[in-house]
Structure formats: C-alpha cells, structure tokens
$ cat work_4.csv   # CSV, C-alpha atoms
chain,number,residue,atom,x,y,z
A,1,MET,CA,-26.8,3.2,-27.5
A,2,SER,CA,-23.3,1.9,-27.8
A,3,ASP,CA,-20.3,3.2,-25.8
A,4,THR,CA,-17.4,4.9,-27.4
A,5,MET,CA,-14.0,3.3,-26.6
A,6,VAL,CA,-11.2,5.8,-26.2
A,7,ARG,CA,-7.9,3.9,-26.7
A,8,MET,CA,-4.3,4.8,-26.3
A,9,GLY,CA,-3.6,8.3,-27.6
A,10,GLU,CA,-7.2,8.9,-28.6
A,11,LEU,CA,-9.8,11.4,-27.4
A,12,ALA,CA,-13.5,11.8,-27.8
A,13,ALA,CA,-16.2,14.3,-26.8
A,14,SER,CA,-20.0,13.8,-26.8
A,15,LYS,CA,-23.3,15.2,-25.7
A,16,ALA,CA,-25.2,12.0,-26.4
A,17,ALA,CA,-27.2,11.0,-23.4
A,18,GLY,CA,-26.8,7.3,-22.5
A,19,ALA,CA,-23.8,6.7,-24.7
A,20,SER,CA,-20.8,6.5,-22.4
A,21,LEU,CA,-17.2,7.3,-23.3
A,22,VAL,CA,-15.0,4.5,-21.9
A,23,THR,CA,-11.4,3.6,-21.5
A,24,LEU,CA,-10.7,0.0,-20.4
A,25,GLY,CA,-7.7,-0.9,-18.3
A,26,LEU,CA,-5.7,2.3,-17.7
A,27,GLY,CA,-2.3,1.6,-16.3
A,28,SER,CA,0.3,4.4,-16.3
A,29,CYS,CA,-1.9,6.3,-18.7
A,30,ILE,CA,-4.3,9.0,-17.6
A,31,GLY,CA,-7.9,9.1,-18.5
A,32,LEU,CA,-8.8,12.8,-18.4
A,33,VAL,CA,-12.6,13.6,-18.2
A,34,LEU,CA,-13.7,17.2,-18.9
A,35,LEU,CA,-17.4,17.8,-18.4
A,36,ASP,CA,-20.1,20.5,-18.0
A,37,ARG,CA,-22.8,18.6,-16.2
A,38,ARG,CA,-25.5,21.2,-16.6
A,39,VAL,CA,-25.4,21.1,-20.4
A,40,GLY,CA,-24.6,17.4,-20.6
A,41,VAL,CA,-21.3,17.6,-22.5
A,42,ALA,CA,-18.3,15.4,-21.7
A,43,GLY,CA,-15.0,14.5,-23.2
A,44,LEU,CA,-12.4,11.8,-22.4
A,45,ALA,CA,-8.7,11.7,-23.4
A,46,HIS,CA,-6.4,8.7,-23.1
A,47,ILE,CA,-3.1,10.3,-22.4
A,48,VAL,CA,0.0,8.1,-22.6
A,49,LEU,CA,3.0,10.4,-22.0
A,50,PRO,CA,3.6,13.9,-20.5
A,51,ASP,CA,5.5,16.0,-23.0
A,52,SER,CA,5.4,16.2,-26.8
A,53,THR,CA,8.6,18.2,-27.0
A,54,GLY,CA,10.8,16.8,-29.8
A,55,HIS,CA,8.2,14.3,-31.0
A,56,ASP,CA,6.6,16.1,-33.9
A,57,GLU,CA,6.4,13.0,-36.1
A,58,VAL,CA,3.8,11.1,-34.0
A,59,ASN,CA,0.2,11.5,-32.9
A,60,PRO,CA,0.3,14.6,-30.7
A,61,LEU,CA,-2.8,13.6,-28.8
A,62,LYS,CA,-1.0,11.0,-26.8
A,63,PHE,CA,0.9,13.7,-25.0
A,64,ALA,CA,-0.6,15.7,-22.0
A,65,ASP,CA,0.6,19.1,-23.2
A,66,ARG,CA,-1.3,18.7,-26.5
A,67,ALA,CA,-4.3,16.5,-25.5
A,68,VAL,CA,-5.5,18.7,-22.6
A,69,PRO,CA,-6.1,21.9,-24.6
A,70,GLU,CA,-7.5,19.9,-27.5
A,71,LEU,CA,-10.0,18.1,-25.3
A,72,LEU,CA,-11.1,21.4,-23.8
A,73,ARG,CA,-11.6,22.8,-27.3
A,74,ARG,CA,-13.7,19.8,-28.2
A,75,VAL,CA,-16.1,20.0,-25.2
A,76,VAL,CA,-16.5,23.8,-25.6
A,77,ALA,CA,-17.3,23.3,-29.3
A,78,LEU,CA,-20.1,21.0,-28.2
A,79,GLY,CA,-21.5,23.7,-25.9
A,80,ALA,CA,-19.7,23.3,-22.6
A,81,ARG,CA,-19.1,26.6,-20.9
A,82,LYS,CA,-15.4,26.9,-20.2
A,83,PRO,CA,-15.7,28.5,-16.7
A,84,LEU,CA,-18.0,25.7,-15.6
A,85,VAL,CA,-15.9,22.8,-17.0
A,86,GLU,CA,-14.9,20.3,-14.4
A,87,ALA,CA,-12.0,17.9,-14.7
A,88,VAL,CA,-11.7,14.3,-13.3
A,89,LEU,CA,-8.4,12.3,-13.5
A,90,VAL,CA,-8.1,8.5,-13.5
A,91,GLY,CA,-5.1,6.3,-13.9
A,92,GLY,CA,-1.4,7.2,-13.6
A,93,ALA,CA,-0.6,3.9,-11.7
A,94,SER,CA,2.7,2.1,-11.4
A,95,MET,CA,1.9,-1.4,-12.7
A,96,PHE,CA,5.3,-3.0,-12.4
A,97,ALA,CA,7.3,-1.5,-9.5
A,98,GLY,CA,11.1,-1.5,-10.1
A,99,ILE,CA,11.5,-2.3,-13.7
A,100,GLY,CA,12.0,1.3,-14.5
A,101,GLY,CA,10.1,3.6,-16.7
A,102,SER,CA,6.5,2.7,-16.0
A,103,MET,CA,6.6,3.9,-12.4
A,104,GLU,CA,7.7,7.4,-13.1
A,105,VAL,CA,5.6,7.6,-16.2
A,106,GLY,CA,2.3,7.4,-14.2
A,107,ALA,CA,3.3,10.1,-11.8
A,108,ARG,CA,4.8,12.3,-14.5
A,109,ASN,CA,1.6,11.9,-16.6
A,110,GLU,CA,-0.5,13.1,-13.7
A,111,ALA,CA,1.8,16.1,-13.0
A,112,ALA,CA,1.7,17.1,-16.7
A,113,VAL,CA,-2.1,16.9,-16.9
A,114,LEU,CA,-2.5,18.9,-13.7
A,115,ALA,CA,0.0,21.5,-15.0
A,116,ALA,CA,-1.8,21.8,-18.4
A,117,LEU,CA,-5.2,22.1,-16.6
A,118,GLY,CA,-3.8,24.8,-14.3
A,119,GLY,CA,-2.5,26.7,-17.3
A,120,LEU,CA,-6.0,26.7,-18.8
A,121,ARG,CA,-7.7,27.5,-15.4
A,122,VAL,CA,-9.7,24.3,-15.3
A,123,ARG,CA,-10.3,23.0,-11.8
A,124,VAL,CA,-9.9,19.4,-10.8
A,125,ASN,CA,-13.0,18.0,-9.0
A,126,ALA,CA,-12.1,14.4,-8.5
A,127,ALA,CA,-9.2,12.0,-9.0
A,128,ALA,CA,-8.5,8.3,-8.7
A,129,THR,CA,-4.8,8.2,-9.5
A,130,GLY,CA,-1.5,6.6,-8.5
A,131,GLY,CA,-1.1,3.4,-6.6
A,132,SER,CA,-0.4,0.1,-8.4
A,133,ARG,CA,-3.9,-0.9,-9.7
A,134,GLY,CA,-5.3,-0.6,-13.2
A,135,ARG,CA,-8.5,1.2,-13.7
A,136,THR,CA,-11.4,1.5,-16.1
A,137,VAL,CA,-13.2,4.8,-16.5
A,138,ARG,CA,-16.7,5.4,-17.8
A,139,VAL,CA,-18.4,8.8,-18.3
A,140,ASP,CA,-22.0,9.3,-19.3
A,141,PRO,CA,-22.2,12.8,-20.8
A,142,GLY,CA,-26.0,13.1,-20.3
A,143,ARG,CA,-26.0,12.3,-16.6
A,144,GLY,CA,-22.6,13.8,-15.9
A,145,ILE,CA,-21.5,10.8,-14.0
A,146,VAL,CA,-18.0,9.4,-13.9
A,147,LEU,CA,-17.5,5.8,-12.8
A,148,VAL,CA,-14.3,4.0,-12.0
A,149,ARG,CA,-13.6,0.3,-11.6
A,150,GLU,CA,-10.5,-1.7,-10.6
A,151,ALA,CA,-9.7,-5.2,-11.7
A,152,GLY,CA,-12.3,-7.7,-10.3
A,153,GLY,CA,-14.2,-4.8,-8.6
A,154,LYS,CA,-17.5,-3.0,-9.2
A,155,ASP,CA,-18.1,0.4,-10.7
A,156,ARG,CA,-17.8,3.2,-8.2
A,157,GLN,CA,-19.1,6.7,-8.7
A,158,LEU,CA,-16.1,9.0,-8.6
A,159,HIS,CA,-17.9,12.2,-9.6
A,160,PRO,CA,-20.1,13.9,-8.6
A,161,PRO,CA,-19.4,12.9,-5.0
A,162,VAL,CA,-21.9,10.5,-3.4
A,163,ALA,CA,-22.9,11.0,0.3
A,164,PRO,CA,-21.2,8.3,2.4
A,165,ALA,CA,-23.5,5.6,3.6
A,166,ALA,CA,-24.6,6.2,7.2
B,1,MET,CA,-2.6,-9.8,-39.1
B,2,ASP,CA,1.0,-10.6,-39.9
B,3,HIS,CA,0.5,-9.1,-43.3
B,4,ARG,CA,-0.3,-5.6,-42.3
B,5,VAL,CA,1.6,-3.1,-44.4
B,6,SER,CA,4.2,-1.5,-42.2
B,7,THR,CA,6.0,1.7,-42.8
B,8,LEU,CA,8.6,0.6,-40.3
B,9,TYR,CA,9.6,-2.9,-41.4
B,10,ASN,CA,9.4,-4.8,-44.7
B,11,ASP,CA,8.4,-8.4,-45.1
B,12,LEU,CA,12.0,-9.7,-45.1
B,13,GLN,CA,12.7,-7.9,-41.9
B,14,LEU,CA,9.5,-9.1,-40.2
B,15,ASP,CA,10.5,-12.7,-41.3
B,16,ALA,CA,13.9,-12.2,-39.8
B,17,LEU,CA,12.3,-11.0,-36.5
B,18,ARG,CA,9.9,-13.9,-36.5
B,19,GLU,CA,12.8,-16.3,-36.9
B,20,LEU,CA,14.7,-14.7,-34.1
B,21,ALA,CA,11.5,-14.9,-31.9
B,22,ASN,CA,11.2,-18.6,-32.9
B,23,ILE,CA,14.7,-19.4,-31.7
B,24,GLY,CA,14.4,-17.3,-28.6
B,25,ALA,CA,11.1,-18.8,-27.6
B,26,GLY,CA,12.4,-22.3,-28.4
B,27,ASN,CA,15.3,-21.8,-26.0
B,28,ALA,CA,12.8,-20.3,-23.4
B,29,SER,CA,10.4,-23.2,-23.6
B,30,THR,CA,13.3,-25.7,-23.2
B,31,ALA,CA,14.2,-23.8,-20.0
B,32,LEU,CA,10.6,-23.8,-18.8
B,33,SER,CA,10.3,-27.5,-19.5
B,34,GLY,CA,13.5,-28.2,-17.5
B,35,MET,CA,12.2,-26.2,-14.6
B,36,LEU,CA,8.8,-27.9,-14.5
B,37,GLY,CA,9.9,-31.4,-15.6
B,38,ARG,CA,7.1,-31.4,-18.2
B,39,PRO,CA,7.1,-31.1,-22.0
B,40,VAL,CA,6.3,-27.6,-23.2
B,41,ASP,CA,4.7,-26.9,-26.6
B,42,LEU,CA,5.4,-23.8,-28.6
B,43,THR,CA,3.3,-22.0,-31.2
B,44,VAL,CA,4.8,-20.3,-34.2
B,45,PRO,CA,5.5,-16.8,-33.1
B,46,HIS,CA,4.1,-13.6,-34.5
B,47,ALA,CA,6.2,-10.7,-35.4
B,48,ARG,CA,3.7,-7.9,-35.9
B,49,VAL,CA,3.6,-4.1,-36.1
B,50,ILE,CA,0.3,-2.8,-34.8
B,51,PRO,CA,-1.0,0.7,-34.3
B,52,MET,CA,-0.5,1.5,-30.6
B,53,SER,CA,-4.2,2.0,-30.1
B,54,GLU,CA,-5.0,-1.6,-31.3
B,55,ALA,CA,-2.1,-3.4,-29.5
B,56,VAL,CA,-4.0,-4.3,-26.3
B,57,GLU,CA,-7.0,-5.8,-28.2
B,58,ALA,CA,-4.6,-7.8,-30.3
B,59,LEU,CA,-3.5,-9.7,-27.2
B,60,GLY,CA,-6.9,-10.2,-25.5
B,61,ALA,CA,-9.9,-8.6,-23.8
B,62,PRO,CA,-8.7,-5.3,-22.1
B,63,GLU,CA,-10.4,-6.0,-18.8
B,64,ALA,CA,-9.5,-9.7,-18.5
B,65,GLU,CA,-7.7,-10.4,-15.3
B,66,VAL,CA,-4.2,-11.7,-16.0
B,67,THR,CA,-0.9,-12.2,-14.2
B,68,GLY,CA,2.0,-10.4,-15.8
B,69,ILE,CA,5.7,-10.9,-15.2
B,70,ALA,CA,7.8,-8.1,-16.7
B,71,LEU,CA,11.6,-7.8,-17.2
B,72,GLY,CA,13.2,-4.6,-18.4
B,73,VAL,CA,16.0,-5.1,-20.9
B,74,HIS,CA,19.0,-2.8,-21.0
B,75,GLY,CA,21.9,-2.8,-23.4
B,76,ASP,CA,22.0,-2.6,-27.2
B,77,MET,CA,18.2,-3.2,-27.5
B,78,PRO,CA,16.2,-1.4,-24.8
B,79,SER,CA,13.0,-3.3,-24.5
B,80,THR,CA,10.5,-5.0,-22.2
B,81,VAL,CA,9.8,-8.7,-21.9
B,82,LEU,CA,6.2,-9.4,-20.7
B,83,MET,CA,4.9,-12.8,-19.9
B,84,LEU,CA,1.1,-13.0,-19.5
B,85,LEU,CA,-0.9,-15.9,-18.0
B,86,SER,CA,-4.3,-16.4,-16.5
B,87,PRO,CA,-4.4,-16.4,-12.6
B,88,VAL,CA,-5.5,-20.0,-12.8
B,89,ASP,CA,-2.6,-21.0,-14.9
B,90,ALA,CA,-0.3,-19.1,-12.6
B,91,GLU,CA,-1.6,-21.2,-9.7
B,92,THR,CA,-1.1,-24.4,-11.8
B,93,LEU,CA,2.5,-23.4,-12.5
B,94,CYS,CA,3.1,-22.7,-8.8
B,95,ALA,CA,1.6,-26.1,-7.9
B,96,LEU,CA,3.9,-27.8,-10.4
B,97,LEU,CA,6.8,-26.3,-8.5
B,98,GLY,CA,5.3,-27.7,-5.3
B,99,LEU,CA,4.2,-24.3,-4.0
B,100,GLU,CA,1.0,-23.4,-2.2
B,101,PRO,CA,-0.9,-21.0,-4.5
B,102,GLY,CA,-1.3,-17.5,-3.0
B,103,SER,CA,1.5,-18.1,-0.5
B,104,GLU,CA,4.1,-15.4,-0.3
B,105,TYR,CA,6.5,-17.7,-2.2
B,106,ALA,CA,4.1,-18.0,-5.1
B,107,GLU,CA,4.8,-14.5,-6.4
B,108,SER,CA,8.6,-14.9,-6.1
B,109,ALA,CA,8.3,-18.3,-7.8
B,110,LEU,CA,6.4,-16.7,-10.7
B,111,GLY,CA,9.1,-14.0,-10.8
B,112,GLU,CA,11.7,-16.8,-11.0
B,113,ILE,CA,9.9,-18.6,-13.8
B,114,GLY,CA,9.8,-15.2,-15.6
B,115,ASN,CA,13.5,-14.7,-14.9
B,116,VAL,CA,14.5,-18.1,-16.3
B,117,VAL,CA,12.2,-18.0,-19.3
B,118,GLY,CA,13.0,-14.4,-20.2
B,119,THR,CA,16.7,-14.8,-19.7
B,120,SER,CA,16.8,-17.9,-21.9
B,121,TYR,CA,15.0,-16.1,-24.6
B,122,LEU,CA,17.3,-13.1,-24.4
B,123,ASN,CA,20.4,-15.2,-24.3
B,124,ALA,CA,19.4,-16.9,-27.5
B,125,LEU,CA,18.9,-13.5,-29.2
B,126,ALA,CA,22.2,-12.2,-27.9
B,127,GLY,CA,24.0,-15.4,-28.9
B,128,MET,CA,22.7,-15.2,-32.5
B,129,THR,CA,23.2,-11.5,-33.1
B,130,GLY,CA,26.1,-10.6,-30.8
B,131,ILE,CA,24.2,-7.7,-29.2
B,132,ALA,CA,24.4,-7.1,-25.5
B,133,LEU,CA,21.1,-7.7,-23.6
B,134,GLU,CA,20.9,-7.3,-19.8
B,135,PRO,CA,17.6,-8.1,-18.1
B,136,THR,CA,16.5,-6.4,-14.9
B,137,PRO,CA,15.0,-8.4,-12.0
B,138,PRO,CA,11.4,-9.4,-12.7
B,139,ALA,CA,8.3,-7.6,-11.4
B,140,THR,CA,5.0,-9.4,-11.1
B,141,ALA,CA,1.4,-8.0,-11.0
B,142,THR,CA,-2.1,-9.4,-11.4
B,143,ASP,CA,-4.5,-6.9,-12.9
B,144,MET,CA,-6.4,-6.0,-16.1
B,145,LEU,CA,-4.6,-7.1,-19.3
B,146,GLY,CA,-5.0,-3.6,-20.7
B,147,SER,CA,-3.4,-1.9,-17.8
B,148,LEU,CA,-0.3,-4.2,-17.8
B,149,VAL,CA,0.2,-4.1,-21.6
B,150,GLN,CA,-0.4,-0.4,-21.8
B,151,ALA,CA,2.0,0.4,-19.0
B,152,VAL,CA,4.7,-1.6,-21.0
B,153,LEU,CA,3.9,0.1,-24.3
B,154,ALA,CA,3.6,3.6,-22.8
B,155,THR,CA,7.3,3.8,-22.1
B,156,ARG,CA,8.0,3.1,-25.8
B,157,ALA,CA,5.3,5.4,-27.2
B,158,ALA,CA,7.2,8.6,-27.6
B,159,LEU,CA,9.0,7.6,-30.8
B,160,SER,CA,6.2,5.9,-32.8
B,161,ASP,CA,2.5,5.4,-33.1
B,162,GLU,CA,3.1,1.7,-33.8
B,163,ALA,CA,4.2,-1.1,-31.5
B,164,LEU,CA,6.4,-3.9,-32.6
B,165,LEU,CA,5.4,-7.1,-30.8
B,166,LEU,CA,7.2,-10.4,-31.0
B,167,ASP,CA,4.8,-12.9,-29.3
B,168,SER,CA,4.8,-16.6,-28.8
B,169,CYS,CA,2.6,-18.9,-26.7
B,170,MET,CA,4.0,-21.7,-24.6
B,171,THR,CA,1.7,-24.5,-23.3
B,172,VAL,CA,2.6,-27.0,-20.6
B,173,GLU,CA,1.6,-30.4,-21.9
B,174,GLY,CA,-1.0,-32.2,-19.9
B,175,GLU,CA,-1.9,-29.1,-17.8
B,176,GLY,CA,-3.4,-27.0,-20.5
B,177,CYS,CA,-1.7,-24.0,-19.0
B,178,SER,CA,-0.2,-21.5,-21.2
B,179,ILE,CA,2.0,-18.4,-21.1
B,180,ILE,CA,2.0,-15.6,-23.7
B,181,PHE,CA,5.5,-14.4,-24.2
B,182,LEU,CA,6.0,-10.9,-25.5
B,183,LEU,CA,9.1,-8.9,-26.4
B,184,ALA,CA,8.5,-5.2,-27.1
B,185,PRO,CA,11.6,-3.5,-28.3
B,186,ASP,CA,11.7,0.1,-29.1
B,187,HIS,CA,12.2,0.8,-32.8
B,188,GLY,CA,15.8,1.8,-32.8
B,189,GLY,CA,16.6,-1.4,-30.9
B,190,ALA,CA,15.0,-3.7,-33.4
B,191,GLY,CA,17.0,-1.9,-36.1
B,192,GLN,CA,20.1,-3.0,-34.2
B,193,LEU,CA,19.0,-6.5,-34.2
B,194,LEU,CA,18.2,-6.4,-38.0
B,195,GLY,CA,21.5,-4.7,-38.7
B,196,ARG,CA,23.4,-7.6,-37.1
B,197,LEU,CA,21.4,-10.0,-39.3
B,198,GLY,CA,22.2,-8.0,-42.4
B,199,VAL,CA,18.6,-7.1,-43.3
B,200,SER,CA,18.5,-3.5,-42.0
$ encode --input "work_4.csv" --output "structure tokens"
Amino acid sequence: MSDTMVRMGELAASKAAGASLVTLGLGSCIGLVLLDRRVGVAGLAHIVLPDSTGHDEVNPLKFADRAVPELLRRVVALGARKPLVEAVLVGGASMFAGIGGSMEVGARNEAAVLAALGGLRVRVNAAATGGSRGRTVRVDPGRGIVLVREAGGKDRQLHPPVAPAA
Amino acid sequence: MDHRVSTLYNDLQLDALRELANIGAGNASTALSGMLGRPVDLTVPHARVIPMSEAVEALGAPEAEVTGIALGVHGDMPSTVLMLLSPVDAETLCALLGLEPGSEYAESALGEIGNVVGTSYLNALAGMTGIALEPTPPATATDMLGSLVQAVLATRAALSDEALLLDSCMTVEGEGCSIIFLLAPDHGGAGQLLGRLGVS
C-alpha cells in the first residue's frame, strides 16, 4: 500500500493498516500525530504557523489553532475514542540560527500546538521537538507506531516507547 | 511550470521579476567567479508562483541532504535568500578556496561565499529599482532539503498559500559544482519591486 504524504498546511487521517502517513523533512513546522492505537486510527497534520488570527483569507489548516481541533475531529470520525487519543509531536526545530523568524517560529509552533491540545484535553505521549535538525515523521495507523528520522539517520521508534537495550 | 496561472502576478509581472532575477544572478555569478578565480555559468532563472505545499518538491527531493546558506533581508522588501548546494559541492567550493573540507573554517567560508553572492544579487536589485535591501549575516546548515526550504517559507506563510520563488542555478566551470540560488520575498515586498518597475 502506498504512503500518504502530508505536505505544508495539509492534514490526513486514516485507519488503513500498512499505509503510513508521512511528512518528509520537517523544519520549523510541527508534525502532529493523533492516534488511538487500540482501534488502529491515526491522523497527521503538518502545521506551519501558530495562530490564524487575522489570516482569514488563507488555508486555515496551516495554523495550530485551527488544525489541532480539525485533526481531532477527523480521527474521531474514523472511530478513535476521544478520551483514548494520544498525541505525538515532531519538528519545531530552528534550522538557521540567527537570521530571525525561523528560530522563534519552531518554538512558537510547539507552544501553540501544546496549548490547543491542552484546551481539548488530549495528552501528549511523546515528542521529538526543538533543536536544530530537520525530521521526517511516519505513522502507521494499523500498528500504532510513530517513527522519526533525522538527516542521514535511521528510523527510530518514538511511540510507543521501546524498552532500552540492556 | 512557469506558465501556471497565478492569482497573484500576471505574465508581464512574472517576466519583469524573471528579468530582475537574471540581472541579480548575473551580478552574483560574477562575484562568485571573482572569488573562486573560475568562470561561473548561469542558467536562465525561473520566476514562479507555486502552492506552498508543492514548493519543496519543485526544488528537489525533500529528504535529500543539502547544505543551505541563508540570509535574511530587511528593508523595503523583507525576504530570505537561500543558497542550496550538495555537501560534496560545498566541499569542492571550500577546496577551491584552499580550505580543508570539514574544518572549522569551512563553514565560515561557505557563509562568506553566501554573503558575497547574496549581497551582489541584492545590490543589483537595489541598484535597478532604488529600493533599500539590507542583508543579515549568513547562517549555514546541512540537513534535509525539505527542512531548510520549509523553514524559510514558513516565516512567509501567514499571508498567502502560494510561494513566489526566484531561482537560478550557478555552475562553476570545470568543477561541475552548482549552487541553486533562491530569493523568496513576501508578497507585499514583490509588489514594491514591481511598483518601481512600473508593472504593479
């Protein structure tokens, strides 16, 4: 089965086993995963900016305050049970330190996503955020596994937690 | 790709932007050539308006590892200049400047190349249009293409779902090493530029 690419300002939800939702090369953007592992439903939003206030003319789903509730609505529509929905955050890095803008955008995106999740009473179970490296995120709805990769690296399971090697 | 119907700019305006990019990049490649002591070839630039979601793929594979040199631009046209090259080409450029690749000087040398090339480009634009453009010091990063491009575009994403990209490719003759040069203005800023040319 082919993967679904979730690009800047897009979101997708699925319960198709084996067909992952993927965002390649997140920088300051946040890849937000919402999933209910027991029913095999997951969603992924590629959030670009924190706040939609005053920006009614453009795609609302690029903003944290609009994308988070919409993503929750979409996974619940596919059968996820709201009290059991888990959140995983990836991205929010500062790719170019010191040229202004991009640094704060990453941190502000993360704060806005956390605030929106808090308002909806969704708990955050794992995060790979901040720092200065880009990340790829991959979620398999059927298996409920979230993988993260940095440039030149290998996929690492971010959620559910894996026992550390002895 | 250049012929995509844009709601933001008409053909005449895109032609004018392309011509500005051509002159800016010409100036920049001359500066690069002087710095390296080698001839530098230049492709005809694109001026394109692309949906934000497709902008990364328009420039390359999202997970390709690239070195990016970024300059912020303040003044009448807030924008970002981003130069992208493969890590191998970055090493070649450092070697042409007589520097050990991977040494602590290599990154600052790349920043300096970015500075000279970017400033030359901006000076040509400023000279032609009379607008004020002040570049910030360069920042360098090697990472996934998608992460670098997306971080640059994100800061401009609030006002539009489309990205205006002026891009050119410079190739150092005999070394097969090339730099993609990208100017991403915000939309009000490009309007300024077009206004000065009388095609707003």
$ residues_near_point --input "work_4.csv" --point "(-7.0, 9.9, -23.2)" --cutoff "12 Å" --atoms "only C-alpha atoms" --output "ChimeraX atom specification"
/A:5-13,21-34,43-50,60-68,70-71,88-92,109-110,113,136-138 /B:53
$ interface_residues --input "work_4.csv" --of "chain B" --to "chain A" --cutoff "9 Å" --atoms "only C-alpha atoms" --output "ChimeraX atom specification"
/B:52-54,62-65,68-73,80,136-152,154-155,157-161
$ atom_distance --input "work_4.csv" --atom1 "CA of Thr30 in chain B" --atom2 "CA of Pro185 in chain B"
22.8 Å
$ atom_distance --input "work_4.csv" --atom1 "CA of Arg143 in chain A" --atom2 "CA of Glu57 in chain B"
28.7 Å
$ closest_residue --input "work_4.csv" --among "A:Leu120, A:Ala16, A:Leu158, A:Ala126" --to "Ile145 in chain A" --atoms "all atoms listed in the file"
A:Leu158
$ atom_distance --input "work_4.csv" --atom1 "CA of Ala184 in chain B" --atom2 "CA of Gly60 in chain B"
16.3 Å
$ axis_aligned_box --input "work_4.csv" --around "range 45-60 of chain B" --padding-each-side "3 Å" --output "AutoDock Vina command-line options"
--center_x -0.4 --center_y -7.4 --center_z -30.8 --size_x 19.2 --size_y 24.8 --size_z 16.6
$ residues_near_point --input "work_4.csv" --point "(7.8, -26.6, -15.5)" --cutoff "10 Å" --atoms "all atoms listed in the file" --output "VMD selection string"
chain B and resid 29 to 40 92 to 97 113 172 to 173
$ residues_around --input "work_4.csv" --residues "Ile180 in chain B" --least-positions-apart "6" --cutoff "12 Å" --atoms "only C-alpha atoms" --output "JSON, numbers by chain"
{"B": [25, 28, 29, 41, 42, 43, 44, 45, 46, 59, 60, 66, 67, 68, 69, 70, 81, 82, 83, 84, 85, 86, 89, 90, 114, 117, 118, 145, 149, 165, 166, 167, 168, 169, 170, 171, 172]}
